[in-house]
file work_32.txt (compact mmCIF, C-alpha atoms)
# COMPACT_ATOMS: atom_id res chain seq x y z
CA MET A 1 -18.03 -18.43 -15.76
CA ASP A 2 -19.29 -21.98 -16.32
CA TRP A 3 -15.77 -23.16 -17.13
CA PHE A 4 -14.56 -21.80 -13.78
CA TRP A 5 -17.17 -23.60 -11.68
CA ALA A 6 -16.71 -26.81 -13.68
CA ALA A 7 -12.97 -26.71 -13.06
CA VAL A 8 -13.10 -26.08 -9.31
CA ALA A 9 -15.66 -28.87 -8.88
CA ARG A 10 -12.79 -31.38 -9.18
CA PRO A 11 -11.26 -32.13 -5.74
CA ASP A 12 -7.66 -31.39 -6.71
CA GLN A 13 -8.62 -28.17 -8.49
CA ALA A 14 -10.78 -27.13 -5.55
CA VAL A 15 -7.62 -27.14 -3.41
CA VAL A 16 -5.91 -24.89 -5.94
CA ALA A 17 -8.92 -22.56 -6.02
CA ALA A 18 -8.91 -22.32 -2.23
CA GLY A 19 -5.23 -21.45 -2.31
CA VAL A 20 -5.80 -18.75 -4.93
CA VAL A 21 -8.56 -17.16 -2.87
CA ALA A 22 -6.48 -17.38 0.32
CA ARG A 23 -3.46 -15.65 -1.25
CA LEU A 24 -5.44 -12.84 -2.86
CA ALA A 25 -7.71 -12.31 0.15
CA ALA A 26 -4.72 -12.02 2.49
CA ALA A 27 -2.93 -9.61 0.13
CA ILE A 28 -5.98 -7.36 -0.19
CA ALA A 29 -6.79 -7.52 3.54
CA VAL A 30 -3.45 -5.96 4.51
CA GLY A 31 -3.61 -3.22 1.86
CA GLY A 32 -1.86 -4.83 -1.08
CA LEU A 33 -4.42 -3.29 -3.45
CA PRO A 34 -4.67 0.39 -2.39
CA VAL A 35 -7.76 1.09 -4.48
CA THR A 36 -9.77 -1.07 -2.02
CA ALA A 37 -8.31 0.46 1.16
CA ALA A 38 -11.17 2.92 1.68
CA THR A 39 -13.96 0.61 0.50
CA SER A 40 -16.40 -1.60 2.38
CA LEU A 41 -16.08 -5.32 3.01
CA PRO A 42 -18.48 -6.36 0.21
CA VAL A 43 -16.39 -4.41 -2.31
CA LYS A 44 -13.21 -6.09 -1.09
CA LEU A 45 -14.85 -9.51 -1.32
CA ALA A 46 -15.98 -8.72 -4.87
CA CYS A 47 -12.41 -7.75 -5.78
CA VAL A 48 -11.09 -10.99 -4.30
CA PHE A 49 -13.57 -13.01 -6.32
CA GLY A 50 -12.88 -11.11 -9.53
CA LEU A 51 -9.11 -11.41 -9.16
CA SER A 52 -9.45 -15.11 -8.31
CA VAL A 53 -11.32 -15.75 -11.55
CA ALA A 54 -8.74 -13.73 -13.50
CA ALA A 55 -5.84 -15.57 -11.86
CA TRP A 56 -7.35 -19.03 -12.25
CA PRO A 57 -5.84 -19.90 -15.67
CA ALA A 58 -2.32 -19.00 -14.49
CA ALA A 59 -2.75 -20.67 -11.11
CA SER A 60 -4.27 -23.91 -12.38
CA GLY A 61 -1.61 -24.34 -15.05
CA ALA A 62 1.35 -23.85 -12.71
CA ALA A 63 0.01 -25.27 -9.44
CA VAL A 64 1.83 -28.02 -7.60
CA THR A 65 -0.33 -31.13 -7.42
CA ALA A 66 -1.95 -31.36 -4.00
CA GLU A 67 -4.20 -33.97 -2.47
CA PRO A 68 -7.65 -32.84 -1.32
CA THR A 69 -6.66 -33.74 2.24
CA ALA A 70 -3.91 -31.11 2.11
CA ILE A 71 -6.31 -28.21 1.69
CA VAL A 72 -5.65 -26.81 5.18
CA ARG A 73 -1.89 -26.82 4.66
CA VAL A 74 -2.18 -25.26 1.20
CA VAL A 75 -4.58 -22.54 2.34
CA ALA A 76 -2.38 -21.68 5.34
CA GLY A 77 0.73 -21.50 3.16
CA GLU A 78 -0.95 -19.35 0.53
CA ALA A 79 -2.34 -17.03 3.21
CA VAL A 80 1.19 -16.46 4.49
CA VAL A 81 2.41 -15.77 0.95
CA GLY A 82 -0.43 -13.30 0.42
CA LEU A 83 0.31 -11.57 3.72
CA ALA A 84 3.99 -11.20 2.82
CA LEU A 85 3.28 -9.86 -0.66
CA GLY A 86 0.47 -7.59 0.52
CA MET A 87 2.43 -6.12 3.42
CA ALA A 88 5.46 -5.46 1.24
CA VAL A 89 3.41 -3.69 -1.43
CA ALA A 90 1.39 -1.78 1.19
CA ALA A 91 4.58 -0.60 2.92
CA VAL A 92 5.92 0.80 -0.34
CA LEU A 93 2.62 2.39 -1.35
CA ALA A 94 2.24 3.97 2.10
CA ALA A 95 5.15 6.31 1.32
CA ALA A 96 2.81 9.22 0.50
CA ALA A 97 0.88 8.87 3.77
CA TRP A 98 4.12 8.57 5.75
CA ALA A 99 5.43 11.71 4.06
CA GLY A 100 2.22 13.51 5.01
CA SER A 101 2.54 12.32 8.60
CA VAL A 102 6.07 13.73 8.81
CA LEU A 103 4.94 17.07 7.43
CA GLY A 104 1.86 17.13 9.64
CA SER A 105 3.94 16.53 12.75
CA VAL A 106 6.32 19.36 11.83
CA SER A 107 3.66 21.93 10.94
CA GLY A 108 0.84 20.96 13.31
CA LEU A 109 -1.57 19.85 10.59
CA SER A 110 -2.43 16.53 12.28
CA TRP A 111 -5.89 17.51 13.51
CA ALA A 112 -7.47 14.13 14.19
CA ASP A 113 -6.55 14.11 17.90
CA ASP A 114 -8.04 17.60 18.37
CA PHE A 115 -11.49 16.66 17.05
CA ALA A 116 -11.70 12.96 17.97
CA PRO A 117 -8.97 11.80 20.38
CA GLU A 118 -10.37 8.27 20.32
CA GLY A 119 -10.42 8.10 16.50
CA ASP A 120 -7.91 7.12 13.86
CA ALA A 121 -4.90 9.43 13.81
CA GLN A 122 -4.77 9.14 10.01
CA ALA A 123 -8.42 10.08 9.48
CA ALA A 124 -7.75 13.82 9.18
CA GLY A 125 -4.95 16.18 8.37
CA VAL A 126 -2.21 16.34 5.80
CA ALA A 127 -1.44 12.61 6.04
CA ARG A 128 -4.82 11.73 4.54
CA LEU A 129 -4.46 14.49 1.95
CA ALA A 130 -1.05 13.15 0.92
CA TRP A 131 -2.45 9.60 0.72
CA TRP A 132 -5.23 10.69 -1.64
CA LEU A 133 -2.80 12.68 -3.79
CA GLY A 134 -0.52 9.66 -4.09
CA LEU A 135 -3.44 7.35 -4.84
CA MET A 136 -4.70 9.66 -7.60
CA GLY A 137 -1.28 9.69 -9.20
CA PHE A 138 -1.00 5.91 -8.89
CA LEU A 139 -4.37 5.36 -10.55
CA ALA A 140 -3.78 7.99 -13.25
CA ALA A 141 -0.52 6.30 -14.22
CA GLY A 142 -2.21 2.90 -14.51
CA GLY A 143 -0.42 1.54 -11.46
CA HIS A 144 -3.46 -0.44 -10.36
CA VAL A 145 -3.45 -2.33 -13.68
CA ALA A 146 0.24 -3.18 -13.31
CA LEU A 147 -0.33 -4.19 -9.68
CA VAL A 148 -3.18 -6.55 -10.58
CA ALA A 149 -1.09 -8.06 -13.37
CA GLY A 150 1.81 -8.49 -10.95
CA LEU A 151 -0.36 -10.22 -8.36
CA ILE A 152 -1.67 -12.63 -10.99
CA ASP A 153 1.84 -13.23 -12.29
CA THR A 154 2.98 -14.35 -8.84
CA PHE A 155 1.09 -17.58 -9.45
CA HIS A 156 3.61 -18.34 -12.20
CA ALA A 157 6.60 -17.33 -10.08
CA LEU A 158 5.38 -19.04 -6.91
CA PRO A 159 2.71 -21.65 -7.80
CA VAL A 160 -0.07 -22.58 -5.46
CA GLY A 161 1.10 -25.35 -3.14
CA ALA A 162 4.82 -24.78 -3.76
CA VAL A 163 5.41 -23.23 -0.35
CA SER A 164 3.53 -25.88 1.61
CA ALA A 165 5.16 -28.66 -0.42
CA ALA A 166 8.69 -27.30 0.08
CA GLY A 167 8.32 -26.83 3.80
CA GLY A 168 10.97 -24.12 3.92
CA GLY A 169 9.62 -22.28 0.91
CA PHE A 170 9.08 -19.07 2.88
CA ALA A 171 12.79 -18.17 2.69
CA PRO A 172 12.50 -16.03 -0.50
CA LEU A 173 9.80 -13.94 1.20
CA LEU A 174 11.86 -12.94 4.25
CA PRO A 175 14.11 -10.37 2.49
CA LEU A 176 10.98 -8.92 0.89
CA VAL A 177 9.23 -8.32 4.21
CA ALA A 178 12.40 -6.95 5.80
CA ALA A 179 13.31 -4.53 3.01
CA ALA A 180 9.88 -3.10 2.11
CA PRO A 181 9.42 -0.81 5.18
CA ALA A 182 12.87 0.73 4.66
CA THR A 183 12.06 1.32 1.00
CA GLY A 184 8.75 2.96 1.88
CA LEU A 185 10.39 5.18 4.49
CA SER A 186 13.10 6.32 2.09
CA LEU A 187 10.47 7.19 -0.52
CA ALA A 188 8.47 9.07 2.11
CA LEU A 189 11.45 11.19 3.10
CA LEU A 190 12.20 11.84 -0.57
CA LEU A 191 8.63 13.06 -1.13
CA ALA A 192 8.52 15.14 2.05
CA GLY A 193 11.97 16.69 1.61
CA PRO A 194 11.11 19.85 -0.38
CA ALA A 195 8.05 20.76 1.69
CA LEU A 196 9.90 19.95 4.91
CA ALA A 197 12.75 22.24 3.88
CA ALA A 198 10.25 25.04 3.22
CA VAL A 199 8.63 24.63 6.64
CA LEU A 200 11.98 24.53 8.44
CA ALA A 201 13.16 27.63 6.55
CA PHE A 202 9.98 29.43 7.62
CA HIS A 203 10.51 28.46 11.26
CA VAL A 204 14.08 29.74 11.19
CA ALA A 205 13.08 33.00 9.48
CA ALA A 206 10.13 33.52 11.84
CA ALA A 207 12.30 32.89 14.92
CA ILE A 208 14.86 35.44 13.73
CA ALA A 209 12.16 38.00 12.89
CA VAL A 210 10.43 37.60 16.26
CA ARG A 211 13.69 37.94 18.20
CA VAL A 212 14.97 40.91 16.19
CA GLY A 213 11.62 42.69 16.16
CA ARG A 214 10.98 41.95 19.87
CA VAL A 215 7.31 41.18 19.23
CA ASP A 216 4.94 38.60 20.63
CA PRO A 217 3.32 36.83 17.65
CA GLY A 218 0.48 35.52 19.78
CA GLN A 219 -0.56 31.95 20.48
CA GLY A 220 -0.99 29.84 17.36
CA LEU A 221 -0.01 32.50 14.82
CA LEU A 222 3.32 30.94 13.82
CA GLN A 223 1.75 27.47 13.65
CA SER A 224 -1.00 28.79 11.37
CA LEU A 225 1.52 30.50 9.11
CA ALA A 226 3.62 27.32 9.03
CA SER A 227 0.53 25.38 7.98
CA LEU A 228 -0.08 27.84 5.14
CA VAL A 229 3.56 27.51 4.07
CA LEU A 230 3.21 23.72 4.03
CA LEU A 231 -0.02 23.74 2.02
CA THR A 232 1.55 26.16 -0.44
CA ALA A 233 4.62 23.94 -0.79
CA VAL A 234 2.43 20.87 -1.38
CA CYS A 235 0.35 22.72 -4.01
CA VAL A 236 3.45 24.01 -5.78
CA ALA A 237 4.94 20.51 -5.78
CA ALA A 238 1.67 18.81 -6.73
CA ASP A 239 3.33 17.25 -9.76
CA SER A 240 5.77 15.44 -7.47
CA TRP A 241 3.00 14.25 -5.17
CA ILE A 242 0.75 13.05 -7.99
CA GLY A 243 2.86 12.29 -11.06
CA GLY A 244 6.21 11.74 -9.38
CA TYR A 245 4.82 9.38 -6.75
CA ALA A 246 3.74 6.81 -9.35
CA ALA A 247 7.20 6.92 -10.94
CA LEU A 248 8.90 6.51 -7.57
CA VAL A 249 6.93 3.50 -6.37
CA GLY A 250 6.73 1.66 -9.72
CA ALA A 251 10.10 -0.10 -9.55
CA PRO A 252 9.90 -0.99 -5.81
CA VAL A 253 6.44 -2.51 -6.26
CA GLU A 254 7.69 -4.59 -9.19
CA ARG A 255 10.56 -5.86 -7.04
CA CYS A 256 8.11 -6.83 -4.32
CA LEU A 257 6.09 -8.95 -6.73
CA ASP A 258 9.16 -10.42 -8.46
CA VAL A 259 10.94 -11.54 -5.29
CA ALA A 260 9.92 -15.17 -5.67
CA ARG A 261 10.73 -15.41 -9.33
CA PRO A 262 13.27 -18.18 -10.10

call {"tool": "encode", "arguments": {"input": "work_32.txt", "output": "structure tokens"}}
result
Amino acid sequence: MDWFWAAVARPDQAVVAAGVVARLAAAIAVGGLPVTAATSLPVKLACVFGLSVAAWPAASGAAVTAEPTAIVRVVAGEAVVGLALGMAVAAVLAAAAWAGSVLGSVSGLSWADDFAPEGDAQAAGVARLAWWLGLMGFLAAGGHVALVAGLIDTFHALPVGAVSAAGGGFAPLLPLVAAAPATGLSLALLLAGPALAAVLAFHVAAAIAVRVGRVDPGQGLLQSLASLVLLTAVCVAADSWIGGYAALVGAPVERCLDVARP
């Protein structure tokens, strides 16, 4: 660690260090590193510091020379870069939670509003379950290692100070921010498709059975059965939610981190 503090003690390198911290802090703050999403602020700060130290050799070697007086401009530019990269990655990695939200809305498994109307709508129900399943698959497949390596590699593709020096250097990031939500939504629908088909088939079959049998199923019975059908479908397709999720999001995440590559 002594080499790190000795390097950032120089005024020009201190500007680069501030830019590195700004980019990584902004990326993590918006969910660019999903493993820190459910952690406390001290843990997130520790991750920012650790990643900054790991990224320092790449960042210092490729950084655009900046005067110490330009620290505000460099930090602001790097924060915008980090926000763009973090939001794009977070939008893709949110596919599992979005899929759970779709299924929860269809089956009635979004319970957060029933227990705490003033709370977070994603704090309970199948959306949170789907998010944890996707996160487990992502971690089991080593996605967090690839994501950290990709974030560090962005300092080669888009050096610290390059955006602020170019003035219009944000142009390569615009397609990234625009395309990431659509990619995440398409992945969410792909994940939710089989379970959604099972729930819709149950609703159709139950409606036909109730009408033909001329019975009153009682309040909440069909919704409860639909919830059981959904949970069964998710359990049966657990491999898709855990193992398949990591395979689905791998390529889109790589594209998000490679967007600025020359």

call {"tool": "closest_residue", "arguments": {"input": "work_32.txt", "among": "A:Gly77, A:Ala29, A:Ala180, A:Pro194", "to": "A:Ala238", "atoms": "only C-alpha atoms"}}
result
A:Pro194

call {"tool": "closest_residue", "arguments": {"input": "work_32.txt", "among": "A:Val249, A:Leu103, A:Leu191, A:Cys256", "to": "A:Val229", "atoms": "only C-alpha atoms"}}
result
A:Leu103

call {"tool": "closest_residue", "arguments": {"input": "work_32.txt", "among": "A:Val15, A:Leu93, A:Leu196, A:Ala79", "to": "A:Ala182", "atoms": "all atoms listed in the file"}}
result
A:Leu93

call {"tool": "atom_distance", "arguments": {"input": "work_32.txt", "atom1": "atom CA of A:Val43", "atom2": "atom CA of A:Ala96"}}
result
23.7 Å

call {"tool": "atom_distance", "arguments": {"input": "work_32.txt", "atom1": "atom CA of A:Met87", "atom2": "atom CA of A:Val35"}}
result
14.8 Å

call {"tool": "atom_distance", "arguments": {"input": "work_32.txt", "atom1": "atom CA of A:Gly244", "atom2": "atom CA of A:Gly134"}}
result
8.8 Å

call {"tool": "residues_around", "arguments": {"input": "work_32.txt", "residues": "A:Ser227", "least_positions_apart": "3", "cutoff": "10 Å", "atoms": "only C-alpha atoms", "output": "MDAnalysis selection string"}}
result
chainID A and resid 103:104 106:109 126 199 221:224 230:233

call {"tool": "closest_residue", "arguments": {"input": "work_32.txt", "among": "A:Val236, A:Val21, A:Ala157, A:Gly31", "to": "A:Val92", "atoms": "all atoms listed in the file"}}
result
A:Gly31

call {"tool": "residues_near_point", "arguments": {"input": "work_32.txt", "point": "(7.6, -9.0, -8.4)", "cutoff": "10 Å", "atoms": "all atoms listed in the file", "output": "ChimeraX atom specification"}}
result
/A:85,89,147,150-151,153-154,157,176,251-261

call {"tool": "closest_residue", "arguments": {"input": "work_32.txt", "among": "A:Leu189, A:Leu173, A:Ala140, A:Ala197", "to": "A:Gly100", "atoms": "all atoms listed in the file"}}
result
A:Leu189

call {"tool": "residues_around", "arguments": {"input": "work_32.txt", "residues": "A:Phe138", "least_positions_apart": "2", "cutoff": "12 Å", "atoms": "only C-alpha atoms", "output": "VMD selection string"}}
result
chain A and resid 33 to 35 93 to 96 131 to 136 140 to 147 240 to 250 253

call {"tool": "decode", "arguments": {"input": "work_32.txt", "residues": "stretch 32-47 of chain A", "atoms": "all heavy atoms", "output": "PDB file, in the first residue's frame"}}
result
ATOM      1  N   GLY A  32     -24.044  -0.696 -10.043  1.00  0.00           N
ATOM      2  CA  GLY A  32     -23.200  -1.338 -11.033  1.00  0.00           C
ATOM      3  C   GLY A  32     -22.481  -2.566 -10.526  1.00  0.00           C
ATOM      4  O   GLY A  32     -21.983  -3.365 -11.322  1.00  0.00           O
ATOM      5  N   LEU A  33     -22.418  -2.752  -9.209  1.00  0.00           N
ATOM      6  CA  LEU A  33     -21.821  -3.949  -8.618  1.00  0.00           C
ATOM      7  C   LEU A  33     -22.892  -4.580  -7.735  1.00  0.00           C
ATOM      8  O   LEU A  33     -23.060  -4.201  -6.573  1.00  0.00           O
ATOM      9  CB  LEU A  33     -20.581  -3.578  -7.793  1.00  0.00           C
ATOM     10  CG  LEU A  33     -19.665  -4.738  -7.387  1.00  0.00           C
ATOM     11  CD1 LEU A  33     -19.081  -5.418  -8.623  1.00  0.00           C
ATOM     12  CD2 LEU A  33     -18.540  -4.234  -6.490  1.00  0.00           C
ATOM     13  N   PRO A  34     -23.669  -5.533  -8.260  1.00  0.00           N
ATOM     14  CA  PRO A  34     -24.858  -6.025  -7.548  1.00  0.00           C
ATOM     15  C   PRO A  34     -24.562  -6.649  -6.200  1.00  0.00           C
ATOM     16  O   PRO A  34     -25.426  -6.682  -5.328  1.00  0.00           O
ATOM     17  CB  PRO A  34     -25.454  -7.051  -8.518  1.00  0.00           C
ATOM     18  CG  PRO A  34     -24.314  -7.470  -9.393  1.00  0.00           C
ATOM     19  CD  PRO A  34     -23.455  -6.244  -9.534  1.00  0.00           C
ATOM     20  N   VAL A  35     -23.342  -7.154  -6.000  1.00  0.00           N
ATOM     21  CA  VAL A  35     -23.030  -7.799  -4.728  1.00  0.00           C
ATOM     22  C   VAL A  35     -23.080  -6.801  -3.578  1.00  0.00           C
ATOM     23  O   VAL A  35     -23.233  -7.191  -2.408  1.00  0.00           O
ATOM     24  CB  VAL A  35     -21.648  -8.473  -4.812  1.00  0.00           C
ATOM     25  CG1 VAL A  35     -20.533  -7.440  -4.830  1.00  0.00           C
ATOM     26  CG2 VAL A  35     -21.462  -9.470  -3.682  1.00  0.00           C
ATOM     27  N   THR A  36     -22.987  -5.487  -3.851  1.00  0.00           N
ATOM     28  CA  THR A  36     -23.035  -4.475  -2.801  1.00  0.00           C
ATOM     29  C   THR A  36     -24.416  -3.841  -2.669  1.00  0.00           C
ATOM     30  O   THR A  36     -24.595  -2.946  -1.843  1.00  0.00           O
ATOM     31  CB  THR A  36     -22.016  -3.357  -3.093  1.00  0.00           C
ATOM     32  OG1 THR A  36     -22.380  -2.679  -4.312  1.00  0.00           O
ATOM     33  CG2 THR A  36     -20.623  -3.929  -3.248  1.00  0.00           C
ATOM     34  N   ALA A  37     -25.384  -4.281  -3.459  1.00  0.00           N
ATOM     35  CA  ALA A  37     -26.690  -3.614  -3.466  1.00  0.00           C
ATOM     36  C   ALA A  37     -27.392  -3.705  -2.121  1.00  0.00           C
ATOM     37  O   ALA A  37     -28.086  -2.777  -1.715  1.00  0.00           O
ATOM     38  CB  ALA A  37     -27.569  -4.214  -4.567  1.00  0.00           C
ATOM     39  N   ALA A  38     -27.260  -4.824  -1.426  1.00  0.00           N
ATOM     40  CA  ALA A  38     -27.963  -5.017  -0.159  1.00  0.00           C
ATOM     41  C   ALA A  38     -27.049  -4.807   1.044  1.00  0.00           C
ATOM     42  O   ALA A  38     -27.375  -5.235   2.146  1.00  0.00           O
ATOM     43  CB  ALA A  38     -28.566  -6.424  -0.110  1.00  0.00           C
ATOM     44  N   THR A  39     -25.926  -4.133   0.862  1.00  0.00           N
ATOM     45  CA  THR A  39     -24.981  -3.925   1.956  1.00  0.00           C
ATOM     46  C   THR A  39     -25.080  -2.499   2.476  1.00  0.00           C
ATOM     47  O   THR A  39     -25.723  -1.632   1.881  1.00  0.00           O
ATOM     48  CB  THR A  39     -23.548  -4.211   1.493  1.00  0.00           C
ATOM     49  OG1 THR A  39     -23.222  -3.350   0.390  1.00  0.00           O
ATOM     50  CG2 THR A  39     -23.408  -5.654   1.037  1.00  0.00           C
ATOM     51  N   SER A  40     -24.405  -2.252   3.580  1.00  0.00           N
ATOM     52  CA  SER A  40     -24.424  -0.932   4.201  1.00  0.00           C
ATOM     53  C   SER A  40     -23.425   0.004   3.527  1.00  0.00           C
ATOM     54  O   SER A  40     -22.581  -0.422   2.726  1.00  0.00           O
ATOM     55  CB  SER A  40     -24.097  -1.049   5.691  1.00  0.00           C
ATOM     56  OG  SER A  40     -22.807  -1.601   5.870  1.00  0.00           O
ATOM     57  N   LEU A  41     -23.509   1.273   3.887  1.00  0.00           N
ATOM     58  CA  LEU A  41     -22.624   2.278   3.307  1.00  0.00           C
ATOM     59  C   LEU A  41     -21.151   2.009   3.591  1.00  0.00           C
ATOM     60  O   LEU A  41     -20.321   2.147   2.683  1.00  0.00           O
ATOM     61  CB  LEU A  41     -23.025   3.668   3.809  1.00  0.00           C
ATOM     62  CG  LEU A  41     -22.188   4.840   3.291  1.00  0.00           C
ATOM     63  CD1 LEU A  41     -22.261   4.929   1.770  1.00  0.00           C
ATOM     64  CD2 LEU A  41     -22.646   6.149   3.926  1.00  0.00           C
ATOM     65  N   PRO A  42     -20.757   1.620   4.810  1.00  0.00           N
ATOM     66  CA  PRO A  42     -19.332   1.329   5.036  1.00  0.00           C
ATOM     67  C   PRO A  42     -18.794   0.222   4.134  1.00  0.00           C
ATOM     68  O   PRO A  42     -17.649   0.285   3.681  1.00  0.00           O
ATOM     69  CB  PRO A  42     -19.292   0.922   6.514  1.00  0.00           C
ATOM     70  CG  PRO A  42     -20.452   1.607   7.130  1.00  0.00           C
ATOM     71  CD  PRO A  42     -21.517   1.598   6.079  1.00  0.00           C
ATOM     72  N   VAL A  43     -19.616  -0.795   3.869  1.00  0.00           N
ATOM     73  CA  VAL A  43     -19.174  -1.873   2.975  1.00  0.00           C
ATOM     74  C   VAL A  43     -18.980  -1.350   1.560  1.00  0.00           C
ATOM     75  O   VAL A  43     -18.012  -1.687   0.876  1.00  0.00           O
ATOM     76  CB  VAL A  43     -20.181  -3.034   2.999  1.00  0.00           C
ATOM     77  CG1 VAL A  43     -19.788  -4.110   1.992  1.00  0.00           C
ATOM     78  CG2 VAL A  43     -20.271  -3.635   4.398  1.00  0.00           C
ATOM     79  N   LYS A  44     -19.894  -0.508   1.109  1.00  0.00           N
ATOM     80  CA  LYS A  44     -19.765   0.066  -0.232  1.00  0.00           C
ATOM     81  C   LYS A  44     -18.521   0.949  -0.330  1.00  0.00           C
ATOM     82  O   LYS A  44     -17.809   0.913  -1.340  1.00  0.00           O
ATOM     83  CB  LYS A  44     -21.012   0.878  -0.576  1.00  0.00           C
ATOM     84  CG  LYS A  44     -22.269   0.036  -0.720  1.00  0.00           C
ATOM     85  CD  LYS A  44     -23.471   0.887  -1.070  1.00  0.00           C
ATOM     86  CE  LYS A  44     -24.712   0.024  -1.230  1.00  0.00           C
ATOM     87  NZ  LYS A  44     -25.925   0.809  -1.547  1.00  0.00           N
ATOM     88  N   LEU A  45     -18.257   1.729   0.713  1.00  0.00           N
ATOM     89  CA  LEU A  45     -17.057   2.566   0.706  1.00  0.00           C
ATOM     90  C   LEU A  45     -15.796   1.704   0.689  1.00  0.00           C
ATOM     91  O   LEU A  45     -14.817   2.045   0.009  1.00  0.00           O
ATOM     92  CB  LEU A  45     -17.054   3.486   1.926  1.00  0.00           C
ATOM     93  CG  LEU A  45     -18.136   4.562   1.958  1.00  0.00           C
ATOM     94  CD1 LEU A  45     -18.062   5.356   3.265  1.00  0.00           C
ATOM     95  CD2 LEU A  45     -18.009   5.502   0.764  1.00  0.00           C
ATOM     96  N   ALA A  46     -15.815   0.600   1.418  1.00  0.00           N
ATOM     97  CA  ALA A  46     -14.665  -0.300   1.412  1.00  0.00           C
ATOM     98  C   ALA A  46     -14.453  -0.902   0.023  1.00  0.00           C
ATOM     99  O   ALA A  46     -13.317  -1.044  -0.441  1.00  0.00           O
ATOM    100  CB  ALA A  46     -14.862  -1.404   2.452  1.00  0.00           C
ATOM    101  N   CYS A  47     -15.544  -1.238  -0.653  1.00  0.00           N
ATOM    102  CA  CYS A  47     -15.430  -1.773  -2.016  1.00  0.00           C
ATOM    103  C   CYS A  47     -14.869  -0.726  -2.969  1.00  0.00           C
ATOM    104  O   CYS A  47     -14.057  -1.036  -3.844  1.00  0.00           O
ATOM    105  CB  CYS A  47     -16.797  -2.257  -2.499  1.00  0.00           C
ATOM    106  SG  CYS A  47     -17.391  -3.751  -1.687  1.00  0.00           S
TER     107      CYS A  47
END
